[in-house]
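A.B. asks: Coordinates in data.cif, mmCIF, N, CA and C atoms, are listed below.
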```
data_query
loop_
_atom_site.label_atom_id
_atom_site.label_comp_id
_atom_site.auth_asym_id
_atom_site.auth_seq_id
_atom_site.Cartn_x
_atom_site.Cartn_y
_atom_site.Cartn_z
N MET A 1 14.59 -13.69 25.05
CA MET A 1 15.35 -13.83 23.81
C MET A 1 14.91 -12.74 22.83
N GLU A 2 15.84 -12.13 22.14
CA GLU A 2 15.53 -11.16 21.11
C GLU A 2 14.94 -11.87 19.90
N SER A 3 14.21 -11.11 19.08
CA SER A 3 13.67 -11.72 17.88
C SER A 3 14.79 -11.97 16.87
N ILE A 4 14.58 -12.96 16.06
CA ILE A 4 15.54 -13.32 15.02
C ILE A 4 14.86 -13.13 13.68
N THR A 5 15.49 -12.39 12.80
CA THR A 5 14.94 -12.18 11.46
C THR A 5 15.91 -12.76 10.45
N PHE A 6 15.38 -13.52 9.51
CA PHE A 6 16.23 -14.05 8.45
C PHE A 6 15.41 -14.20 7.18
N GLU A 7 16.12 -14.27 6.05
CA GLU A 7 15.48 -14.47 4.76
C GLU A 7 15.74 -15.90 4.33
N THR A 8 14.71 -16.51 3.74
CA THR A 8 14.84 -17.87 3.26
C THR A 8 13.87 -18.08 2.11
N VAL A 9 13.94 -19.20 1.47
CA VAL A 9 13.01 -19.58 0.42
C VAL A 9 12.26 -20.80 0.90
N VAL A 10 10.95 -20.75 0.82
CA VAL A 10 10.12 -21.90 1.18
C VAL A 10 10.04 -22.79 -0.05
N GLY A 11 10.42 -24.04 0.12
CA GLY A 11 10.42 -24.98 -1.00
C GLY A 11 9.04 -25.54 -1.29
N GLU A 12 8.97 -26.34 -2.34
CA GLU A 12 7.71 -27.00 -2.71
C GLU A 12 7.18 -27.88 -1.58
N ASP A 13 8.08 -28.33 -0.70
CA ASP A 13 7.68 -29.19 0.41
C ASP A 13 7.09 -28.39 1.57
N GLN A 14 7.00 -27.03 1.42
CA GLN A 14 6.41 -26.15 2.43
C GLN A 14 7.21 -26.12 3.73
N VAL A 15 8.50 -26.41 3.66
CA VAL A 15 9.36 -26.40 4.84
C VAL A 15 10.15 -25.10 4.87
N ILE A 16 10.16 -24.44 6.02
CA ILE A 16 10.95 -23.22 6.21
C ILE A 16 12.29 -23.63 6.79
N ARG A 17 13.34 -23.34 6.05
CA ARG A 17 14.68 -23.72 6.49
C ARG A 17 15.48 -22.47 6.82
N PRO A 18 15.98 -22.38 8.07
CA PRO A 18 16.84 -21.25 8.42
C PRO A 18 18.13 -21.32 7.60
N PRO A 19 18.76 -20.18 7.37
CA PRO A 19 20.03 -20.19 6.65
C PRO A 19 21.07 -21.03 7.39
N SER A 20 21.99 -21.62 6.64
CA SER A 20 23.02 -22.44 7.28
C SER A 20 23.85 -21.57 8.21
N GLY A 21 24.18 -22.11 9.34
CA GLY A 21 24.97 -21.39 10.33
C GLY A 21 24.12 -20.69 11.38
N LEU A 22 22.82 -20.54 11.13
CA LEU A 22 21.94 -19.91 12.11
C LEU A 22 21.41 -21.00 13.05
N VAL A 23 21.70 -20.85 14.33
CA VAL A 23 21.28 -21.84 15.30
C VAL A 23 20.07 -21.29 16.05
N LEU A 24 18.97 -22.01 15.97
CA LEU A 24 17.75 -21.61 16.68
C LEU A 24 17.58 -22.50 17.91
N PRO A 25 17.26 -21.92 19.05
CA PRO A 25 17.04 -22.73 20.24
C PRO A 25 15.75 -23.52 20.11
N PRO A 26 15.68 -24.67 20.72
CA PRO A 26 14.44 -25.45 20.67
C PRO A 26 13.34 -24.73 21.45
N GLY A 27 12.10 -24.97 21.06
CA GLY A 27 10.97 -24.38 21.76
C GLY A 27 9.92 -23.87 20.79
N ALA A 28 8.87 -23.29 21.35
CA ALA A 28 7.77 -22.77 20.55
C ALA A 28 8.07 -21.33 20.12
N PHE A 29 7.72 -21.00 18.89
CA PHE A 29 7.96 -19.67 18.34
C PHE A 29 6.74 -19.20 17.57
N GLU A 30 6.59 -17.90 17.48
CA GLU A 30 5.59 -17.30 16.59
C GLU A 30 6.30 -16.96 15.30
N VAL A 31 5.74 -17.39 14.18
CA VAL A 31 6.37 -17.18 12.88
C VAL A 31 5.49 -16.25 12.05
N THR A 32 6.10 -15.23 11.46
CA THR A 32 5.40 -14.32 10.55
C THR A 32 6.05 -14.44 9.19
N ILE A 33 5.24 -14.62 8.18
CA ILE A 33 5.74 -14.76 6.82
C ILE A 33 5.42 -13.48 6.05
N LYS A 34 6.44 -12.86 5.46
CA LYS A 34 6.26 -11.65 4.67
C LYS A 34 7.07 -11.83 3.40
N PRO A 35 6.41 -11.77 2.22
CA PRO A 35 7.16 -11.98 0.98
C PRO A 35 8.14 -10.85 0.73
N LEU A 36 9.28 -11.21 0.17
CA LEU A 36 10.27 -10.21 -0.24
C LEU A 36 9.92 -9.76 -1.65
N THR A 37 10.20 -8.51 -1.96
CA THR A 37 9.96 -8.05 -3.32
C THR A 37 11.06 -8.58 -4.21
N GLN A 38 10.69 -8.92 -5.40
CA GLN A 38 11.67 -9.39 -6.39
C GLN A 38 12.30 -8.17 -7.05
N ASN A 39 13.44 -8.34 -7.66
CA ASN A 39 14.10 -7.23 -8.36
C ASN A 39 13.14 -6.64 -9.38
N GLY A 40 12.91 -5.32 -9.30
CA GLY A 40 12.03 -4.66 -10.24
C GLY A 40 10.59 -4.59 -9.77
N ASP A 41 10.21 -5.35 -8.76
CA ASP A 41 8.85 -5.29 -8.26
C ASP A 41 8.64 -3.99 -7.51
N ASP A 42 7.44 -3.47 -7.58
CA ASP A 42 7.08 -2.25 -6.87
C ASP A 42 6.34 -2.65 -5.61
N PRO A 43 6.92 -2.42 -4.43
CA PRO A 43 6.25 -2.83 -3.20
C PRO A 43 4.95 -2.07 -2.95
N LEU A 44 4.75 -0.96 -3.65
CA LEU A 44 3.53 -0.18 -3.48
C LEU A 44 2.55 -0.38 -4.64
N ALA A 45 2.79 -1.37 -5.47
CA ALA A 45 1.96 -1.58 -6.66
C ALA A 45 0.49 -1.79 -6.29
N SER A 46 0.20 -2.58 -5.28
CA SER A 46 -1.20 -2.82 -4.92
C SER A 46 -1.85 -1.55 -4.39
N THR A 47 -1.09 -0.74 -3.64
CA THR A 47 -1.63 0.52 -3.13
C THR A 47 -1.89 1.49 -4.27
N ARG A 48 -0.95 1.56 -5.22
CA ARG A 48 -1.15 2.43 -6.38
C ARG A 48 -2.37 2.00 -7.18
N ALA A 49 -2.54 0.71 -7.39
CA ALA A 49 -3.70 0.21 -8.14
C ALA A 49 -5.00 0.56 -7.43
N TRP A 50 -5.00 0.43 -6.11
CA TRP A 50 -6.20 0.77 -5.34
C TRP A 50 -6.51 2.27 -5.46
N LEU A 51 -5.48 3.12 -5.39
CA LEU A 51 -5.70 4.57 -5.51
C LEU A 51 -6.22 4.94 -6.89
N VAL A 52 -5.69 4.31 -7.93
CA VAL A 52 -6.18 4.58 -9.28
C VAL A 52 -7.65 4.15 -9.39
N HIS A 53 -7.97 2.99 -8.86
CA HIS A 53 -9.36 2.52 -8.87
C HIS A 53 -10.26 3.50 -8.12
N LEU A 54 -9.81 3.96 -6.96
CA LEU A 54 -10.58 4.90 -6.15
C LEU A 54 -10.80 6.21 -6.91
N ALA A 55 -9.76 6.70 -7.59
CA ALA A 55 -9.88 7.95 -8.36
C ALA A 55 -10.87 7.78 -9.51
N ARG A 56 -10.79 6.66 -10.20
CA ARG A 56 -11.73 6.42 -11.31
C ARG A 56 -13.16 6.32 -10.80
N GLU A 57 -13.34 5.63 -9.70
CA GLU A 57 -14.69 5.48 -9.13
C GLU A 57 -15.23 6.83 -8.67
N SER A 58 -14.38 7.66 -8.05
CA SER A 58 -14.85 8.97 -7.58
C SER A 58 -15.19 9.88 -8.77
N GLU A 59 -14.45 9.77 -9.87
CA GLU A 59 -14.79 10.53 -11.06
C GLU A 59 -16.13 10.08 -11.63
N ARG A 60 -16.38 8.79 -11.56
CA ARG A 60 -17.62 8.24 -12.11
C ARG A 60 -18.84 8.71 -11.32
N ILE A 61 -18.72 8.75 -10.00
CA ILE A 61 -19.89 9.07 -9.17
C ILE A 61 -19.88 10.49 -8.60
N SER A 62 -18.86 11.28 -8.95
CA SER A 62 -18.76 12.62 -8.36
C SER A 62 -19.89 13.51 -8.87
N PRO A 63 -20.33 14.45 -8.03
CA PRO A 63 -21.34 15.40 -8.50
C PRO A 63 -20.72 16.32 -9.55
N HIS A 64 -21.56 16.92 -10.35
CA HIS A 64 -21.05 17.86 -11.36
C HIS A 64 -20.57 19.12 -10.65
N LEU A 65 -19.33 19.41 -10.82
CA LEU A 65 -18.72 20.57 -10.17
C LEU A 65 -18.46 21.65 -11.22
N PRO A 66 -18.42 22.91 -10.80
CA PRO A 66 -18.14 23.97 -11.76
C PRO A 66 -16.77 23.79 -12.39
N SER A 67 -16.65 24.13 -13.67
CA SER A 67 -15.38 23.95 -14.37
C SER A 67 -14.31 24.91 -13.86
N ASP A 68 -14.72 26.01 -13.20
CA ASP A 68 -13.76 26.98 -12.68
C ASP A 68 -13.55 26.84 -11.17
N LEU A 69 -13.83 25.66 -10.63
CA LEU A 69 -13.72 25.44 -9.19
C LEU A 69 -12.32 25.73 -8.66
N ALA A 70 -11.30 25.26 -9.34
CA ALA A 70 -9.93 25.47 -8.85
C ALA A 70 -9.58 26.95 -8.79
N ALA A 71 -9.94 27.68 -9.84
CA ALA A 71 -9.60 29.10 -9.89
C ALA A 71 -10.43 29.93 -8.91
N ASN A 72 -11.67 29.49 -8.66
CA ASN A 72 -12.58 30.27 -7.81
C ASN A 72 -12.96 29.53 -6.53
N HIS A 73 -12.04 28.77 -5.98
CA HIS A 73 -12.30 27.99 -4.77
C HIS A 73 -12.83 28.87 -3.64
N ASP A 74 -12.20 30.01 -3.40
CA ASP A 74 -12.63 30.88 -2.31
C ASP A 74 -14.05 31.39 -2.51
N TYR A 75 -14.43 31.62 -3.75
CA TYR A 75 -15.79 32.06 -4.04
C TYR A 75 -16.80 30.97 -3.68
N TYR A 76 -16.53 29.73 -4.13
CA TYR A 76 -17.47 28.63 -3.88
C TYR A 76 -17.45 28.17 -2.42
N ALA A 77 -16.29 28.12 -1.82
CA ALA A 77 -16.18 27.59 -0.45
C ALA A 77 -16.48 28.63 0.62
N HIS A 78 -16.11 29.88 0.37
CA HIS A 78 -16.21 30.89 1.45
C HIS A 78 -17.02 32.12 1.07
N GLY A 79 -17.50 32.19 -0.16
CA GLY A 79 -18.32 33.32 -0.58
C GLY A 79 -17.54 34.59 -0.87
N LYS A 80 -16.24 34.48 -0.99
CA LYS A 80 -15.42 35.66 -1.30
C LYS A 80 -15.64 36.07 -2.76
N PRO A 81 -15.39 37.32 -3.09
CA PRO A 81 -15.57 37.76 -4.49
C PRO A 81 -14.65 36.99 -5.44
N ARG A 82 -15.13 36.81 -6.67
CA ARG A 82 -14.30 36.16 -7.68
C ARG A 82 -13.19 37.11 -8.10
N PRO A 83 -12.03 36.57 -8.43
CA PRO A 83 -10.91 37.45 -8.85
C PRO A 83 -11.16 38.06 -10.22
#
```
Let me see whether you can do it: turn the structure in this file into structure tokens.

C.D. replies:
Amino acid sequence: MESITFETVVGEDQVIRPPSGLVLPPGAFEVTIKPLTQNGDDPLASTRAWLVHLARESERISPHLPSDLAANHDYYAHGKPRP
């Protein structure tokens, strides 16, 4: 049998109800629950928050780097003459 995917709302009674008209055969099934994003929700919000946290933490613990590192990357990384 192919997998069946449908959207539903789980009620306060914790019962998962298939949409009307969808006939499921009797038997054992594996069920995966994945929340749908609400209108306006950012599905990447938790990832963005984690990245911001990671950036702040790396700024806090980063070693002191030269202020001209971006302009003179080749000098610091490869020993090439400064421009």

A.B. asks: Can you work out the spacing between atom C of Ala28 (chain A) and atom N of Ile4 (chain A) in Å, to one decimal?

C.D. replies: 11.4 Å

A.B. asks: Work out how far apart CA of Ser62 (chain A) and CA of Pro83 (chain A) are and give it in Å to one decimal.

C.D. replies: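 Those two atoms sit 26.0 Å apart.
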
A.B. asks: DSSP on the backbone, then: every residue of region 5-67 of chain A marked alpha helix (DSSP H), written as a list in words.

C.D. replies: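 Going through region 5-67 of chain A, the alpha helix (DSSP H) residues come out as Ala45, Ser46, Thr47, Arg48, Ala49, Trp50, Leu51, Val52, His53, Leu54, Ala55, Arg56, Glu57, Ser58, Glu59, Arg60 and Ile61 of chain A.
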
A.B. asks: Take the residues from that selection and put them in a file with N, CA and C atoms, as a PDB file, keeping the file's coordinate frame.

C.D. replies:
```pdb
ATOM      1  N   ALA A  45       2.790  -1.370  -5.470  1.00  0.00           N
ATOM      2  CA  ALA A  45       1.960  -1.580  -6.660  1.00  0.00           C
ATOM      3  C   ALA A  45       0.490  -1.790  -6.290  1.00  0.00           C
ATOM      4  N   SER A  46       0.200  -2.580  -5.280  1.00  0.00           N
ATOM      5  CA  SER A  46      -1.200  -2.820  -4.920  1.00  0.00           C
ATOM      6  C   SER A  46      -1.850  -1.550  -4.390  1.00  0.00           C
ATOM      7  N   THR A  47      -1.090  -0.740  -3.640  1.00  0.00           N
ATOM      8  CA  THR A  47      -1.630   0.520  -3.130  1.00  0.00           C
ATOM      9  C   THR A  47      -1.890   1.490  -4.270  1.00  0.00           C
ATOM     10  N   ARG A  48      -0.950   1.560  -5.220  1.00  0.00           N
ATOM     11  CA  ARG A  48      -1.150   2.430  -6.380  1.00  0.00           C
ATOM     12  C   ARG A  48      -2.370   2.000  -7.180  1.00  0.00           C
ATOM     13  N   ALA A  49      -2.540   0.710  -7.390  1.00  0.00           N
ATOM     14  CA  ALA A  49      -3.700   0.210  -8.140  1.00  0.00           C
ATOM     15  C   ALA A  49      -5.000   0.560  -7.430  1.00  0.00           C
ATOM     16  N   TRP A  50      -5.000   0.430  -6.110  1.00  0.00           N
ATOM     17  CA  TRP A  50      -6.200   0.770  -5.340  1.00  0.00           C
ATOM     18  C   TRP A  50      -6.510   2.270  -5.460  1.00  0.00           C
ATOM     19  N   LEU A  51      -5.480   3.120  -5.390  1.00  0.00           N
ATOM     20  CA  LEU A  51      -5.700   4.570  -5.510  1.00  0.00           C
ATOM     21  C   LEU A  51      -6.220   4.940  -6.890  1.00  0.00           C
ATOM     22  N   VAL A  52      -5.690   4.310  -7.930  1.00  0.00           N
ATOM     23  CA  VAL A  52      -6.180   4.580  -9.280  1.00  0.00           C
ATOM     24  C   VAL A  52      -7.650   4.150  -9.390  1.00  0.00           C
ATOM     25  N   HIS A  53      -7.970   2.990  -8.860  1.00  0.00           N
ATOM     26  CA  HIS A  53      -9.360   2.520  -8.870  1.00  0.00           C
ATOM     27  C   HIS A  53     -10.260   3.500  -8.120  1.00  0.00           C
ATOM     28  N   LEU A  54      -9.810   3.960  -6.960  1.00  0.00           N
ATOM     29  CA  LEU A  54     -10.580   4.900  -6.150  1.00  0.00           C
ATOM     30  C   LEU A  54     -10.800   6.210  -6.910  1.00  0.00           C
ATOM     31  N   ALA A  55      -9.760   6.700  -7.590  1.00  0.00           N
ATOM     32  CA  ALA A  55      -9.880   7.950  -8.360  1.00  0.00           C
ATOM     33  C   ALA A  55     -10.870   7.780  -9.510  1.00  0.00           C
ATOM     34  N   ARG A  56     -10.790   6.660 -10.200  1.00  0.00           N
ATOM     35  CA  ARG A  56     -11.730   6.420 -11.310  1.00  0.00           C
ATOM     36  C   ARG A  56     -13.160   6.320 -10.800  1.00  0.00           C
ATOM     37  N   GLU A  57     -13.340   5.630  -9.700  1.00  0.00           N
ATOM     38  CA  GLU A  57     -14.690   5.480  -9.130  1.00  0.00           C
ATOM     39  C   GLU A  57     -15.230   6.830  -8.670  1.00  0.00           C
ATOM     40  N   SER A  58     -14.380   7.660  -8.050  1.00  0.00           N
ATOM     41  CA  SER A  58     -14.850   8.970  -7.580  1.00  0.00           C
ATOM     42  C   SER A  58     -15.190   9.880  -8.770  1.00  0.00           C
ATOM     43  N   GLU A  59     -14.450   9.770  -9.870  1.00  0.00           N
ATOM     44  CA  GLU A  59     -14.790  10.530 -11.060  1.00  0.00           C
ATOM     45  C   GLU A  59     -16.130  10.080 -11.630  1.00  0.00           C
ATOM     46  N   ARG A  60     -16.380   8.790 -11.560  1.00  0.00           N
ATOM     47  CA  ARG A  60     -17.620   8.240 -12.110  1.00  0.00           C
ATOM     48  C   ARG A  60     -18.840   8.710 -11.320  1.00  0.00           C
ATOM     49  N   ILE A  61     -18.720   8.750 -10.000  1.00  0.00           N
ATOM     50  CA  ILE A  61     -19.890   9.070  -9.170  1.00  0.00           C
ATOM     51  C   ILE A  61     -19.880  10.490  -8.600  1.00  0.00           C
TER      52      ILE A  61
END
```

A.B. asks: With distances taken over only N, CA and C atoms, which residue among A:Glu59, A:Pro19, A:Pro26, A:Asp74 lies nearest Phe6 (chain A)?

C.D. replies: A:Pro19

A.B. asks: CA of Glu7 (chain A) to atom N of Pro25 (chain A): how many Å, to one decimal?

C.D. replies: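 According to the coordinates, CA of Glu7 (chain A) and atom N of Pro25 (chain A) are separated by 16.2 Å.
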
A.B. asks: Just the residues within 12 Å of Lys34 (chain A), please, counting only C-alpha atoms, with nothing from its chain fewer than 2 positions along; format it as a ChimeraX atom specification.

C.D. replies: /A:5-10,31-32,36-37,43

A.B. asks: Output N, CA and C atoms for every residue in that selection, as an mmCIF file, in the coordinates of the input.

C.D. replies:
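What ended up in part17.cif:
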```cif
data_model
loop_
_atom_site.group_PDB
_atom_site.id
_atom_site.type_symbol
_atom_site.label_atom_id
_atom_site.label_comp_id
_atom_site.auth_asym_id
_atom_site.auth_seq_id
_atom_site.Cartn_x
_atom_site.Cartn_y
_atom_site.Cartn_z
ATOM 1 N N THR A 5 15.490 -12.390 12.800
ATOM 2 C CA THR A 5 14.940 -12.180 11.460
ATOM 3 C C THR A 5 15.910 -12.760 10.450
ATOM 4 N N PHE A 6 15.380 -13.520 9.510
ATOM 5 C CA PHE A 6 16.230 -14.050 8.450
ATOM 6 C C PHE A 6 15.410 -14.200 7.180
ATOM 7 N N GLU A 7 16.120 -14.270 6.050
ATOM 8 C CA GLU A 7 15.480 -14.470 4.760
ATOM 9 C C GLU A 7 15.740 -15.900 4.330
ATOM 10 N N THR A 8 14.710 -16.510 3.740
ATOM 11 C CA THR A 8 14.840 -17.870 3.260
ATOM 12 C C THR A 8 13.870 -18.080 2.110
ATOM 13 N N VAL A 9 13.940 -19.200 1.470
ATOM 14 C CA VAL A 9 13.010 -19.580 0.420
ATOM 15 C C VAL A 9 12.260 -20.800 0.900
ATOM 16 N N VAL A 10 10.950 -20.750 0.820
ATOM 17 C CA VAL A 10 10.120 -21.900 1.180
ATOM 18 C C VAL A 10 10.040 -22.790 -0.050
ATOM 19 N N VAL A 31 5.740 -17.390 14.180
ATOM 20 C CA VAL A 31 6.370 -17.180 12.880
ATOM 21 C C VAL A 31 5.490 -16.250 12.050
ATOM 22 N N THR A 32 6.100 -15.230 11.460
ATOM 23 C CA THR A 32 5.400 -14.320 10.550
ATOM 24 C C THR A 32 6.050 -14.440 9.190
ATOM 25 N N LEU A 36 9.280 -11.210 0.170
ATOM 26 C CA LEU A 36 10.270 -10.210 -0.240
ATOM 27 C C LEU A 36 9.920 -9.760 -1.650
ATOM 28 N N THR A 37 10.200 -8.510 -1.960
ATOM 29 C CA THR A 37 9.960 -8.050 -3.320
ATOM 30 C C THR A 37 11.060 -8.580 -4.210
ATOM 31 N N PRO A 43 6.920 -2.420 -4.430
ATOM 32 C CA PRO A 43 6.250 -2.830 -3.200
ATOM 33 C C PRO A 43 4.950 -2.070 -2.950
#
```

A.B. asks: Could you put an axis-aligned box around every listed atom of region 40-48 of chain A, padded by 8 Å on each side, and send me its centre and edge lengths in Å to one decimal, as lines of an AutoDock Vina configuration file?

C.D. replies:
```
center_x = 5.3
center_y = -1.5
center_z = -6.6
size_x = 31.3
size_y = 23.8
size_z = 23.3
```

A.B. asks: Hey, could you patch up region 52-63 of chain A with N, CA, C and O atoms and hand it over as a PDB file, in the frame of the given file?

C.D. replies:
```
ATOM      1  N   VAL A  52      -5.690   4.310  -7.930  1.00  0.00           N
ATOM      2  CA  VAL A  52      -6.180   4.580  -9.280  1.00  0.00           C
ATOM      3  C   VAL A  52      -7.650   4.150  -9.390  1.00  0.00           C
ATOM      4  O   VAL A  52      -8.480   4.876  -9.945  1.00  0.00           O
ATOM      5  N   HIS A  53      -7.970   2.990  -8.860  1.00  0.00           N
ATOM      6  CA  HIS A  53      -9.360   2.520  -8.870  1.00  0.00           C
ATOM      7  C   HIS A  53     -10.260   3.500  -8.120  1.00  0.00           C
ATOM      8  O   HIS A  53     -11.345   3.846  -8.587  1.00  0.00           O
ATOM      9  N   LEU A  54      -9.810   3.960  -6.960  1.00  0.00           N
ATOM     10  CA  LEU A  54     -10.580   4.900  -6.150  1.00  0.00           C
ATOM     11  C   LEU A  54     -10.800   6.210  -6.910  1.00  0.00           C
ATOM     12  O   LEU A  54     -11.904   6.764  -6.919  1.00  0.00           O
ATOM     13  N   ALA A  55      -9.760   6.700  -7.590  1.00  0.00           N
ATOM     14  CA  ALA A  55      -9.880   7.950  -8.360  1.00  0.00           C
ATOM     15  C   ALA A  55     -10.870   7.780  -9.510  1.00  0.00           C
ATOM     16  O   ALA A  55     -11.721   8.652  -9.732  1.00  0.00           O
ATOM     17  N   ARG A  56     -10.790   6.660 -10.200  1.00  0.00           N
ATOM     18  CA  ARG A  56     -11.730   6.420 -11.310  1.00  0.00           C
ATOM     19  C   ARG A  56     -13.160   6.320 -10.800  1.00  0.00           C
ATOM     20  O   ARG A  56     -14.089   6.848 -11.425  1.00  0.00           O
ATOM     21  N   GLU A  57     -13.340   5.630  -9.700  1.00  0.00           N
ATOM     22  CA  GLU A  57     -14.690   5.480  -9.130  1.00  0.00           C
ATOM     23  C   GLU A  57     -15.230   6.830  -8.670  1.00  0.00           C
ATOM     24  O   GLU A  57     -16.401   7.142  -8.880  1.00  0.00           O
ATOM     25  N   SER A  58     -14.380   7.660  -8.050  1.00  0.00           N
ATOM     26  CA  SER A  58     -14.850   8.970  -7.580  1.00  0.00           C
ATOM     27  C   SER A  58     -15.190   9.880  -8.770  1.00  0.00           C
ATOM     28  O   SER A  58     -16.128  10.669  -8.691  1.00  0.00           O
ATOM     29  N   GLU A  59     -14.450   9.770  -9.870  1.00  0.00           N
ATOM     30  CA  GLU A  59     -14.790  10.530 -11.060  1.00  0.00           C
ATOM     31  C   GLU A  59     -16.130  10.080 -11.630  1.00  0.00           C
ATOM     32  O   GLU A  59     -16.926  10.886 -12.096  1.00  0.00           O
ATOM     33  N   ARG A  60     -16.380   8.790 -11.560  1.00  0.00           N
ATOM     34  CA  ARG A  60     -17.620   8.240 -12.110  1.00  0.00           C
ATOM     35  C   ARG A  60     -18.840   8.710 -11.320  1.00  0.00           C
ATOM     36  O   ARG A  60     -19.873   9.030 -11.899  1.00  0.00           O
ATOM     37  N   ILE A  61     -18.720   8.750 -10.000  1.00  0.00           N
ATOM     38  CA  ILE A  61     -19.890   9.070  -9.170  1.00  0.00           C
ATOM     39  C   ILE A  61     -19.880  10.490  -8.600  1.00  0.00           C
ATOM     40  O   ILE A  61     -20.791  10.860  -7.888  1.00  0.00           O
ATOM     41  N   SER A  62     -18.860  11.280  -8.950  1.00  0.00           N
ATOM     42  CA  SER A  62     -18.760  12.620  -8.360  1.00  0.00           C
ATOM     43  C   SER A  62     -19.890  13.510  -8.870  1.00  0.00           C
ATOM     44  O   SER A  62     -20.341  13.374  -9.997  1.00  0.00           O
ATOM     45  N   PRO A  63     -20.330  14.450  -8.030  1.00  0.00           N
ATOM     46  CA  PRO A  63     -21.340  15.400  -8.500  1.00  0.00           C
ATOM     47  C   PRO A  63     -20.720  16.320  -9.550  1.00  0.00           C
ATOM     48  O   PRO A  63     -19.501  16.476  -9.619  1.00  0.00           O
TER      49      PRO A  63
END
```
